[in-house]
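Colleague: Sharing my_file_10.cif below, mmCIF, C-alpha atoms and all ligand atoms:
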data_coords
loop_
_atom_site.label_atom_id
_atom_site.label_comp_id
_atom_site.auth_asym_id
_atom_site.auth_seq_id
_atom_site.Cartn_x
_atom_site.Cartn_y
_atom_site.Cartn_z
CA MET Y 24 81.81 83.77 95.44
CA THR Y 25 84.55 82.64 97.87
CA THR Y 26 84.03 83.50 101.56
CA GLN Y 27 87.45 85.18 101.80
CA VAL Y 28 87.24 88.99 101.70
CA TYR Y 29 90.33 90.56 100.14
CA ASP Y 30 91.56 93.98 101.29
CA VAL Y 31 92.22 94.91 97.66
CA ILE Y 32 91.65 93.20 94.31
CA ILE Y 33 94.04 94.30 91.59
CA ILE Y 34 92.91 93.61 88.03
CA GLY Y 35 96.02 93.10 85.91
CA ALA Y 36 99.36 91.48 86.76
CA GLY Y 37 101.39 93.85 84.61
CA SER Y 38 103.80 96.74 85.10
CA VAL Y 39 101.30 98.42 87.46
CA GLY Y 40 99.63 95.47 89.15
CA LEU Y 41 102.76 93.60 90.25
CA PRO Y 42 104.56 96.36 92.19
CA THR Y 43 101.20 97.45 93.58
CA ALA Y 44 100.58 93.94 94.94
CA PHE Y 45 104.07 93.93 96.40
CA PHE Y 46 103.72 97.27 98.22
CA ILE Y 47 100.18 96.50 99.45
CA ALA Y 48 101.22 93.08 100.76
CA ARG Y 49 104.31 94.64 102.36
CA ALA Y 50 102.00 96.99 104.25
CA GLY Y 51 100.33 93.93 105.82
CA LEU Y 52 97.16 93.94 103.68
CA LYS Y 53 95.83 90.99 101.69
CA PRO Y 54 95.65 91.64 97.94
CA LEU Y 55 94.37 89.34 95.21
CA VAL Y 56 95.67 89.89 91.67
CA ILE Y 57 93.65 88.57 88.73
CA ASP Y 58 94.99 88.34 85.18
CA GLN Y 59 93.59 86.87 81.99
CA PHE Y 60 97.00 85.69 80.82
CA ALA Y 61 98.90 82.61 81.99
CA SER Y 62 101.64 84.26 84.05
CA PRO Y 63 102.83 87.67 85.35
CA GLY Y 64 103.82 90.47 82.97
CA GLN Y 65 102.39 89.00 79.74
CA GLY Y 66 100.57 92.18 78.62
CA SER Y 67 102.47 95.35 77.75
CA ASN Y 68 105.03 94.75 80.45
CA LYS Y 69 107.03 92.20 78.46
CA ALA Y 70 107.14 94.50 75.39
CA ALA Y 71 108.96 97.28 77.25
CA ILE Y 72 112.65 97.66 76.40
CA GLY Y 73 113.56 98.56 79.98
CA GLY Y 74 114.35 102.28 79.82
CA VAL Y 75 114.03 103.96 83.22
CA ARG Y 76 114.19 107.73 83.58
CA ALA Y 77 112.94 110.46 85.85
CA THR Y 78 113.55 113.06 83.15
CA HIS Y 79 109.91 113.90 82.43
CA SER Y 80 108.29 117.30 82.06
CA THR Y 81 105.58 117.32 84.74
CA PRO Y 82 106.02 117.27 88.53
CA ALA Y 83 103.96 114.10 89.13
CA LYS Y 84 105.86 112.00 86.60
CA ILE Y 85 109.20 113.35 87.79
CA ARG Y 86 108.32 112.44 91.39
CA LEU Y 87 107.09 108.95 90.43
CA GLY Y 88 110.17 108.48 88.24
CA LEU Y 89 112.54 109.39 91.06
CA ASP Y 90 110.70 107.09 93.50
CA SER Y 91 110.87 104.27 90.94
CA ILE Y 92 114.61 104.71 90.35
CA GLN Y 93 115.11 104.56 94.10
CA VAL Y 94 113.32 101.16 94.21
CA LEU Y 95 114.90 99.68 91.07
CA SER Y 96 118.45 100.86 91.76
CA THR Y 97 118.45 99.44 95.31
CA TRP Y 98 116.45 96.30 94.60
CA LYS Y 99 119.47 93.96 94.57
CA GLU Y 100 120.80 95.08 97.93
CA ALA Y 101 117.33 95.23 99.49
CA TYR Y 102 115.93 91.92 98.20
CA GLY Y 103 118.83 90.02 96.67
CA GLY Y 104 117.51 89.43 93.15
CA ASN Y 105 119.25 90.74 90.03
CA ILE Y 106 116.90 92.83 87.88
CA GLU Y 107 119.80 94.00 85.65
CA TRP Y 108 119.73 97.61 86.86
CA TYR Y 109 122.34 99.63 84.94
CA GLN Y 110 122.85 103.35 85.60
CA GLY Y 111 124.01 104.52 82.18
CA GLY Y 112 121.98 107.75 82.10
CA TYR Y 113 119.87 109.23 79.30
CA CYS Y 114 120.97 111.64 76.56
CA PHE Y 115 118.46 113.63 74.53
CA VAL Y 116 120.43 114.89 71.53
CA ALA Y 117 119.88 118.10 69.53
CA TYR Y 118 120.99 118.68 65.94
CA ARG Y 119 118.66 121.63 65.34
CA GLU Y 120 117.94 124.81 67.29
CA GLN Y 121 114.28 123.88 67.74
CA GLU Y 122 115.08 120.66 69.64
CA ALA Y 123 117.87 122.41 71.60
CA ARG Y 124 115.34 125.04 72.68
CA ILE Y 125 112.73 122.44 73.76
CA LEU Y 126 115.30 120.48 75.77
CA LYS Y 127 116.78 123.59 77.41
CA ASP Y 128 113.30 124.85 78.36
CA LEU Y 129 112.47 121.50 79.94
CA LEU Y 130 115.70 121.59 81.95
CA LYS Y 131 114.30 124.43 84.06
CA ILE Y 132 111.38 122.41 85.42
CA GLN Y 133 113.43 119.19 85.58
CA GLN Y 134 116.15 120.87 87.67
CA ALA Y 135 113.55 122.63 89.85
CA TYR Y 136 112.23 119.17 90.78
CA GLY Y 137 115.65 118.00 91.87
CA LEU Y 138 116.70 116.04 88.79
CA ASN Y 139 120.37 115.60 88.13
CA ILE Y 140 120.21 116.67 84.49
CA TYR Y 141 122.26 119.24 82.62
CA TRP Y 142 123.05 120.54 79.16
CA LEU Y 143 126.25 119.43 77.40
CA ASP Y 144 127.57 121.33 74.42
CA ARG Y 145 128.74 119.36 71.39
CA ASP Y 146 132.30 118.53 72.51
CA ASP Y 147 131.29 117.60 76.05
CA LEU Y 148 128.48 115.44 74.73
CA LEU Y 149 130.91 113.67 72.39
CA GLU Y 150 133.04 112.80 75.43
CA VAL Y 151 130.03 110.97 76.92
CA VAL Y 152 128.86 109.45 73.60
CA PRO Y 153 131.92 109.42 71.28
CA ASP Y 154 130.12 107.56 68.48
CA LEU Y 155 127.44 110.18 67.80
CA TRP Y 156 127.59 111.69 64.30
CA PRO Y 157 129.43 114.97 65.05
CA GLU Y 158 128.36 117.06 62.04
CA GLY Y 159 125.57 119.48 62.97
CA LEU Y 160 125.46 118.25 66.57
CA ILE Y 161 124.60 121.17 68.87
CA GLY Y 162 124.58 119.31 72.18
CA GLY Y 163 122.09 117.57 74.39
CA THR Y 164 120.85 116.90 77.89
CA TYR Y 165 122.51 114.29 80.05
CA SER Y 166 120.93 112.75 83.15
CA PRO Y 167 123.44 110.27 84.62
CA GLY Y 168 121.04 109.01 87.31
CA ASP Y 169 118.66 107.42 84.79
CA GLY Y 170 119.23 103.89 83.52
CA SER Y 171 117.67 100.62 82.51
CA ALA Y 172 116.61 97.29 83.95
CA SER Y 173 114.85 94.14 82.79
CA PRO Y 174 111.03 94.36 82.72
CA LEU Y 175 110.80 90.55 82.76
CA LEU Y 176 113.09 90.11 85.76
CA THR Y 177 111.42 93.02 87.55
CA ALA Y 178 107.97 91.52 87.02
CA HIS Y 179 109.20 88.21 88.35
CA ALA Y 180 110.86 89.88 91.35
CA PHE Y 181 107.71 91.81 92.36
CA TYR Y 182 105.57 88.72 91.78
CA THR Y 183 107.65 86.32 93.91
CA HIS Y 184 108.12 88.83 96.73
CA ALA Y 185 104.43 89.80 96.72
CA LYS Y 186 103.54 86.09 96.99
CA GLU Y 187 105.96 85.56 99.86
CA LEU Y 188 104.28 88.48 101.62
CA GLY Y 189 100.87 86.86 101.26
CA ALA Y 190 99.48 88.28 98.00
CA GLU Y 191 97.35 85.81 96.04
CA PHE Y 192 97.30 85.49 92.25
CA CYS Y 193 94.78 84.00 89.83
CA PHE Y 194 95.99 83.56 86.25
CA ARG Y 195 94.03 82.55 83.13
CA GLU Y 196 91.02 84.25 84.70
CA ARG Y 197 89.19 87.15 83.09
CA VAL Y 198 87.37 89.79 85.06
CA THR Y 199 83.90 90.22 83.56
CA GLY Y 200 82.28 92.67 85.97
CA ILE Y 201 82.41 94.57 89.24
CA ILE Y 202 79.80 93.69 91.84
CA ARG Y 203 78.39 96.88 93.39
CA ARG Y 204 75.85 97.68 96.07
CA ARG Y 205 74.48 101.17 96.76
CA GLY Y 206 77.26 102.90 94.83
CA LYS Y 207 80.06 100.89 96.46
CA VAL Y 208 82.28 98.07 95.25
CA VAL Y 209 81.55 94.77 97.02
CA GLY Y 210 83.29 92.31 94.74
CA VAL Y 211 84.65 91.23 91.39
CA ARG Y 212 83.05 88.80 88.96
CA THR Y 213 85.21 86.65 86.68
CA ASP Y 214 84.71 83.94 84.08
CA LYS Y 215 85.49 81.43 86.85
CA GLY Y 216 83.56 82.83 89.81
CA GLY Y 217 83.57 85.81 92.16
CA TYR Y 218 85.63 87.42 94.94
CA ALA Y 219 84.64 89.79 97.72
CA THR Y 220 86.37 93.11 98.36
CA GLU Y 221 85.54 96.75 98.98
CA THR Y 222 88.52 98.04 96.99
CA VAL Y 223 89.31 97.30 93.36
CA ILE Y 224 92.26 98.69 91.39
CA ASN Y 225 91.86 98.85 87.63
CA ALA Y 226 95.42 98.07 86.46
CA ALA Y 227 94.30 96.63 83.14
CA GLY Y 228 96.75 98.60 80.96
CA PRO Y 229 95.64 98.74 77.30
CA TRP Y 230 92.34 97.06 78.29
CA ALA Y 231 91.56 99.59 81.06
CA ARG Y 232 88.74 101.33 79.23
CA ALA Y 233 86.92 98.07 78.44
CA LEU Y 234 87.25 97.10 82.09
CA ALA Y 235 85.84 100.45 83.27
CA GLN Y 236 82.95 100.16 80.84
CA MET Y 237 82.00 96.80 82.33
CA CYS Y 238 80.67 98.65 85.36
CA GLY Y 239 79.25 101.68 83.59
CA LEU Y 240 82.35 103.87 84.04
CA ASP Y 241 84.64 105.33 81.42
CA VAL Y 242 88.29 106.33 81.31
CA PRO Y 243 90.09 107.81 78.28
CA VAL Y 244 92.73 105.12 77.69
CA VAL Y 245 93.26 104.20 74.06
CA PRO Y 246 95.91 101.65 73.11
CA ASP Y 247 98.30 102.23 70.24
CA SER Y 248 101.00 99.90 69.05
CA HIS Y 249 104.77 100.32 69.04
CA GLU Y 250 107.56 98.09 67.81
CA ALA Y 251 110.93 97.35 69.31
CA GLY Y 252 113.95 95.30 68.40
CA ILE Y 253 117.15 93.77 69.74
CA THR Y 254 120.53 93.23 68.04
CA GLU Y 255 123.25 90.68 68.46
CA PRO Y 256 125.58 91.44 71.42
CA VAL Y 257 128.74 93.49 70.85
CA ALA Y 258 131.47 94.83 73.18
CA ARG Y 259 130.31 97.76 75.32
CA PHE Y 260 130.67 101.10 73.48
CA LEU Y 261 127.61 103.02 74.67
CA ARG Y 262 126.57 103.97 78.20
CA PRO Y 263 123.42 106.16 78.08
CA MET Y 264 120.06 105.65 76.41
CA ILE Y 265 120.07 107.90 73.33
CA VAL Y 266 116.85 109.73 72.45
CA ASP Y 267 116.44 111.69 69.22
CA ILE Y 268 113.21 113.73 69.27
CA ARG Y 269 113.43 115.01 65.69
CA PRO Y 270 110.34 113.94 63.75
CA ALA Y 271 110.71 112.22 60.36
CA LYS Y 272 108.32 110.74 57.83
CA GLY Y 273 106.18 108.15 59.60
CA SER Y 274 107.74 108.61 63.01
CA LYS Y 275 108.38 110.97 65.89
CA ASN Y 276 111.24 110.20 68.25
CA TYR Y 277 113.27 107.00 68.47
CA TYR Y 278 115.57 105.74 71.20
CA PHE Y 279 118.09 103.00 71.87
CA TYR Y 280 120.58 101.78 74.46
CA GLN Y 281 123.10 99.03 74.97
CA HIS Y 282 122.07 96.33 77.40
CA GLY Y 283 124.46 94.63 79.83
CA THR Y 284 124.72 91.60 77.52
CA GLY Y 285 126.01 93.92 74.77
CA ALA Y 286 122.82 93.83 72.67
CA LEU Y 287 121.20 97.08 71.56
CA LEU Y 288 117.51 97.58 72.26
CA PHE Y 289 115.61 100.12 70.18
CA CYS Y 290 112.15 101.54 69.67
CA ILE Y 291 110.39 104.20 67.59
CA THR Y 292 107.23 106.28 68.02
CA PRO Y 293 105.04 106.03 64.90
CA GLU Y 294 103.38 109.19 63.60
CA PRO Y 295 100.46 109.14 63.15
CA PRO Y 296 99.89 106.70 66.01
CA ILE Y 297 98.75 103.19 65.08
CA VAL Y 298 95.66 102.97 67.23
CA GLY Y 299 94.37 99.52 68.20
CA THR Y 300 95.47 96.31 69.83
CA ASP Y 301 97.28 94.61 66.93
CA ARG Y 302 100.46 93.02 68.30
CA ARG Y 303 101.79 91.43 65.10
CA GLU Y 304 105.23 92.73 64.02
CA THR Y 305 105.36 94.63 60.73
CA SER Y 306 107.86 94.87 57.88
CA ASP Y 307 107.73 98.70 58.10
CA PHE Y 308 109.51 99.02 61.42
CA LEU Y 309 113.13 98.14 60.57
CA PRO Y 310 113.28 100.14 57.30
CA MET Y 311 111.94 103.09 59.28
CA ILE Y 312 114.22 102.99 62.30
CA ALA Y 313 117.46 101.46 61.00
CA PRO Y 314 118.48 104.37 58.67
CA ARG Y 315 117.72 106.89 61.42
CA MET Y 316 119.87 105.03 63.93
CA VAL Y 317 122.72 104.55 61.47
CA ARG Y 318 122.71 108.23 60.48
CA LEU Y 319 122.94 109.19 64.14
CA MET Y 320 125.63 106.61 64.92
CA PRO Y 321 127.28 105.26 61.75
CA LYS Y 322 129.10 102.39 63.46
CA LEU Y 323 125.72 100.69 64.10
CA ILE Y 324 125.68 99.66 60.44
CA ASN Y 325 127.83 96.66 61.35
CA ILE Y 326 125.49 95.25 64.00
CA ARG Y 327 122.85 92.68 63.03
CA VAL Y 328 119.29 92.75 64.31
CA ARG Y 329 118.20 89.53 66.02
CA ARG Y 330 114.48 90.01 66.62
CA THR Y 331 111.64 92.54 66.63
CA TRP Y 332 108.32 92.59 68.48
CA ARG Y 333 105.26 94.77 68.86
CA GLY Y 334 103.30 95.79 71.92
CA LEU Y 335 100.82 98.34 73.20
CA TYR Y 336 101.07 101.73 74.88
CA PRO Y 337 97.98 102.49 77.00
CA MET Y 338 97.69 106.15 75.92
CA THR Y 339 95.83 109.05 77.54
CA PRO Y 340 94.93 112.33 75.80
CA ASP Y 341 97.71 114.29 77.55
CA GLY Y 342 100.38 111.60 77.89
CA SER Y 343 100.21 111.33 81.69
CA PRO Y 344 98.85 108.41 83.73
CA ILE Y 345 95.39 108.42 85.31
CA ILE Y 346 95.51 107.54 88.98
CA GLY Y 347 92.85 108.01 91.62
CA GLN Y 348 89.49 107.06 93.10
CA SER Y 349 86.32 107.00 91.05
CA ARG Y 350 83.76 109.59 92.17
CA GLU Y 351 80.92 107.49 90.76
CA LEU Y 352 81.77 104.19 92.43
CA THR Y 353 83.23 104.13 95.94
CA GLY Y 354 86.13 101.71 96.25
CA TYR Y 355 87.06 101.76 92.55
CA ILE Y 356 90.57 103.07 91.87
CA TYR Y 357 92.14 103.77 88.49
CA ALA Y 358 95.84 103.10 87.92
CA VAL Y 359 95.83 103.25 84.15
CA GLY Y 360 97.10 105.10 81.08
CA MET Y 361 100.82 104.63 81.67
CA CYS Y 362 101.53 105.47 78.00
CA GLY Y 363 105.12 104.62 77.03
CA GLN Y 364 106.44 104.82 80.57
CA GLY Y 365 104.60 102.23 82.60
CA TYR Y 366 107.65 100.20 83.45
CA MET Y 367 109.74 103.15 84.62
CA LEU Y 368 106.95 104.77 86.69
CA CYS Y 369 105.32 101.78 88.31
CA PRO Y 370 107.41 101.03 91.37
CA GLY Y 371 106.57 104.62 92.37
CA VAL Y 372 102.94 104.14 91.34
CA GLY Y 373 102.67 100.90 93.36
CA ALA Y 374 104.02 102.56 96.51
CA LEU Y 375 101.63 105.51 96.00
CA LEU Y 376 98.63 103.17 95.60
CA SER Y 377 99.60 101.34 98.75
CA ARG Y 378 99.54 104.65 100.67
CA LEU Y 379 96.22 105.54 99.00
CA VAL Y 380 94.44 102.36 100.10
CA GLN Y 381 95.86 102.70 103.61
CA GLU Y 382 94.75 106.36 103.73
CA GLU Y 383 98.32 107.40 104.49
CA LEU Y 384 98.89 109.93 101.73
CA THR Y 385 101.56 112.58 102.18
CA PRO Y 386 101.04 116.19 101.00
CA LYS Y 387 103.27 115.39 97.98
CA ASP Y 388 101.10 112.36 97.18
CA GLU Y 389 98.02 114.60 97.24
CA GLU Y 390 99.72 116.90 94.70
CA THR Y 391 100.62 113.92 92.50
CA LEU Y 392 97.07 112.58 92.62
CA GLU Y 393 95.60 115.97 91.83
CA GLU Y 394 97.79 116.23 88.74
CA LEU Y 395 96.94 112.67 87.62
CA SER Y 396 93.26 112.83 88.57
CA PRO Y 397 90.78 110.97 86.34
CA TYR Y 398 88.75 114.20 86.45
CA ARG Y 399 91.43 116.62 85.17
CA SER Y 400 90.84 118.56 81.97
CA PHE Y 401 93.54 116.68 79.93
CA GLY Y 402 94.46 119.99 78.32
CA ARG Y 403 98.20 120.07 79.14
CA GLU Y 404 100.28 117.69 77.05
CA GLU Y 405 103.35 116.05 78.60
CA LYS Y 406 106.23 117.08 76.33
CA LEU Y 407 108.31 113.93 76.74
CA LYS Y 408 105.40 111.47 76.47
C1 LIG K 501 107.70 98.39 72.26
C2 LIG K 501 107.48 98.97 73.62
C3 LIG K 501 108.56 99.48 74.34
C4 LIG K 501 108.35 100.03 75.59
N1 LIG K 501 109.43 100.46 76.30
C5 LIG K 501 109.26 100.97 77.54
C6 LIG K 501 110.37 101.38 78.32
O1 LIG K 501 111.52 101.30 77.88
N2 LIG K 501 110.14 101.88 79.55
C7 LIG K 501 108.88 101.99 80.06
O2 LIG K 501 108.73 102.48 81.18
N3 LIG K 501 107.80 101.58 79.36
C8 LIG K 501 107.96 101.09 78.12
N4 LIG K 501 106.88 100.68 77.40
C9 LIG K 501 105.53 100.93 77.94
C10 LIG K 501 105.14 99.91 78.99
O3 LIG K 501 105.31 98.62 78.46
C11 LIG K 501 103.68 100.13 79.42
O4 LIG K 501 103.46 101.48 79.76
C12 LIG K 501 103.34 99.29 80.64
O5 LIG K 501 103.73 97.96 80.48
C13 LIG K 501 101.85 99.38 80.97
O6 LIG K 501 101.66 98.67 82.17
P1 LIG K 501 100.21 98.23 82.65
O7 LIG K 501 100.39 97.49 83.92
O8 LIG K 501 99.33 99.41 82.62
O9 LIG K 501 99.70 97.25 81.50
P2 LIG K 501 100.09 95.70 81.27
O10 LIG K 501 101.51 95.42 81.61
O11 LIG K 501 99.61 95.35 79.91
O12 LIG K 501 99.20 94.95 82.34
C14 LIG K 501 97.78 94.94 82.24
C15 LIG K 501 97.31 93.54 82.57
O13 LIG K 501 95.89 93.58 82.75
C16 LIG K 501 95.38 92.34 82.33
N5 LIG K 501 93.94 92.48 82.06
C17 LIG K 501 93.35 93.42 81.29
N6 LIG K 501 92.01 93.25 81.29
C18 LIG K 501 91.76 92.18 82.07
C19 LIG K 501 90.56 91.50 82.47
N7 LIG K 501 89.35 91.89 82.07
N8 LIG K 501 90.67 90.43 83.28
C20 LIG K 501 91.90 90.00 83.71
N9 LIG K 501 93.07 90.60 83.37
C21 LIG K 501 92.99 91.68 82.56
C22 LIG K 501 96.19 92.02 81.08
O14 LIG K 501 96.14 90.64 80.81
C23 LIG K 501 97.58 92.54 81.45
O15 LIG K 501 98.43 91.51 81.91
C24 LIG K 501 107.05 100.10 76.16
C25 LIG K 501 105.97 99.56 75.45
C26 LIG K 501 106.17 99.01 74.19
C27 LIG K 501 105.00 98.44 73.45
#
Do you think you could lay out the structure here as structure tokens?
Ligand SMILES: Cc1cc2nc3c(=O)[nH]c(=O)nc-3n(C[C@H](O)[C@H](O)[C@H](O)COP(=O)(O)OP(=O)(O)OC[C@H]3O[C@@H](n4cnc5c(N)ncnc54)[C@H](O)[C@@H]3O)c2cc1C
Modeller:
Amino acid sequence: MTTQVYDVIIIGAGSVGLPTAFFIARAGLKPLVIDQFASPGQGSNKAAIGGVRATHSTPAKIRLGLDSIQVLSTWKEAYGGNIEWYQGGYCFVAYREQEARILKDLLKIQQAYGLNIYWLDRDDLLEVVPDLWPEGLIGGTYSPGDGSASPLLTAHAFYTHAKELGAEFCFRERVTGIIRRRGKVVGVRTDKGGYATETVINAAGPWARALAQMCGLDVPVVPDSHEAGITEPVARFLRPMIVDIRPAKGSKNYYFYQHGTGALLFCITPEPPIVGTDRRETSDFLPMIAPRMVRLMPKLINIRVRRTWRGLYPMTPDGSPIIGQSRELTGYIYAVGMCGQGYMLCPGVGALLSRLVQEELTPKDEETLEELSPYRSFGREEKLK
């Protein structure tokens, strides 16, 4: 074990761990981040397509989403680096009364939490997204403050700034256990040695449960796999992210947007979920998503797909993250179960964790942590998970 005592050890240099290291180092504390992979963001983070929205259906996620948009949208002016933030908004489209009803019901809570989101009837929606298939279109929600950014550039930005602020990183190093004494964390054991700390953050994404089990704890995070793809670049014709929540055979919703380079990025939610950690691309994905996208927007038929990939969602039973202190082991904090929204929530999560370890929580933070508590009942499902 090294003699240095770290204020916080963060396990995982992914969507959660990197902004958390940045905010903790910015607060003047000394974090160490340990990751089994060779460089930052090589877990789920690099699989994300970069969608960023605050349009969720629960107060905690809405708050974290808004905080994250604040960080991502001002990153360039605050820190100088380009993370490709683009404020194109999100549109959830409705072609059937049942989806229109779900979206309109959600608007009430979304607007109550200060989101700039509203309903557009068919013709108004077609003004925002002229290429949508017009037949049967009822309308949709539009949230112009949402957007997209690059998960790879964001990871790099948080990593380099955290390092400049004094955070330390160990890559190609696997955490194998938590060292505890009298019910308290005193250090972290790895395949290369050990490090002393009284505060550990489990930010291990899809591997969070295995990590918890290493020290006799448990947390209900189960990974399932999702595929995404990217097309060749074309001239800009689409501003918002389009989300279609109608289920179809083999899938639930799917979503796509046009990136600043002109390429389209797209993703689908398999139904039933494909549980496990398999990250090999399949030949099922494109035949499943391409017809759905082309039916929704016929002009896409002319655009060629360049590449697909597959990554993991760290899922929880109710679709919301699990954040908070362990009651069984003092000094052990969970920041896990980000589901399909870890990239868009994590600047907000990182700032929250920094306030948690400094014991500077605001009343709103307390509400967020109560909602995301590891000890909640998991009975209420997040509708836009
Ligand atoms: C196809 C696809 C598209 C997506 N699109 C979006 C999107 O548009 N917007 C969005 O917000 N989210 C999206 N997501 C979800 C997002 O990628 C995840 O929610 C997020 O990356 C999870 O972050 P994390 O930090 O929890 O996990 P990760 O980023 O995986 O980080 C966890 C890290 O912990 C490390 N680790 C684990 N165990 C150990 C150990 N024992 N020792 C050392 N290191 C360890 C891993 O190596 C890993 O680097 C998408 C996901 C997929 C698969």
Colleague: Using 3 Å of padding on each side, determine the axis-aligned box around all atoms of ligand LIG 501 (chain K) present in the file and give its centre and edge lengths in Å to one decimal, as lines of an AutoDock Vina configuration file.
Modeller:
center_x = 100.4
center_y = 96.2
center_z = 78.1
size_x = 28.2
size_y = 18.5
size_z = 17.7
Colleague: With all atoms listed in the file as the atoms that count, which of Y:Gly283, Y:Gly228, Y:Gly365, Y:Gly104 lies nearest to Val242 (chain Y)?
Modeller: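 The answer is Y:Gly228, which sits nearest to Val242 (chain Y).
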Colleague: Please give me, as number ranges by chain, the residues lying within 7 Å of ligand LIG 501 (chain K) when counting only C-alpha atoms and all ligand atoms.
Modeller: Y: 34-40, 57-60, 63-75, 196-199, 226-231, 234, 248-251, 290, 332-337, 359-368
Colleague: Skipping near chain neighbours, those fewer than 6 positions away, what residues fall within 12 Å of Arg205 (chain Y) using all atoms listed in the file, listed as a PyMOL selection string?
Modeller: chain Y and resi 351-354
Colleague: In Å to one decimal, how far is CA of Ile312 (chain Y) from CA of Gly159 (chain Y)?
Modeller: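 Going from CA of Gly159 (chain Y) over to CA of Ile312 (chain Y), I get 20.0 Å.
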Colleague: Mind pulling up the distance from CA of Gly111 (chain Y) to CA of Arg330 (chain Y)?
Modeller: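 Taking CA of Arg330 (chain Y) as the start and CA of Gly111 (chain Y) as the end point, the length is 23.3 Å.
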Colleague: CA of Leu55 (chain Y) and CA of Tyr355 (chain Y) are how many Å apart?
Modeller: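 The value is 14.7 Å.
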Colleague: Ranking Y:Gly189, Y:Pro42, Y:Gly163, Y:Pro370 by minimum distance to Ser96 (chain Y) and counting only C-alpha atoms, which one comes first?
Modeller: Y:Pro370
Colleague: Measuring between all atoms listed in the file, which one of Y:Ser274, Y:Ser91, Y:Thr78, Y:Ser349 shows the shortest distance to Phe115 (chain Y)?
Modeller: Y:Thr78
Colleague: Identify which of the residues Y:Val152, Y:Ala117, Y:Leu288, Y:Cys369 lies closest to Gly252 (chain Y), counting only C-alpha atoms when measuring atom-to-atom distances.
Modeller: Y:Leu288
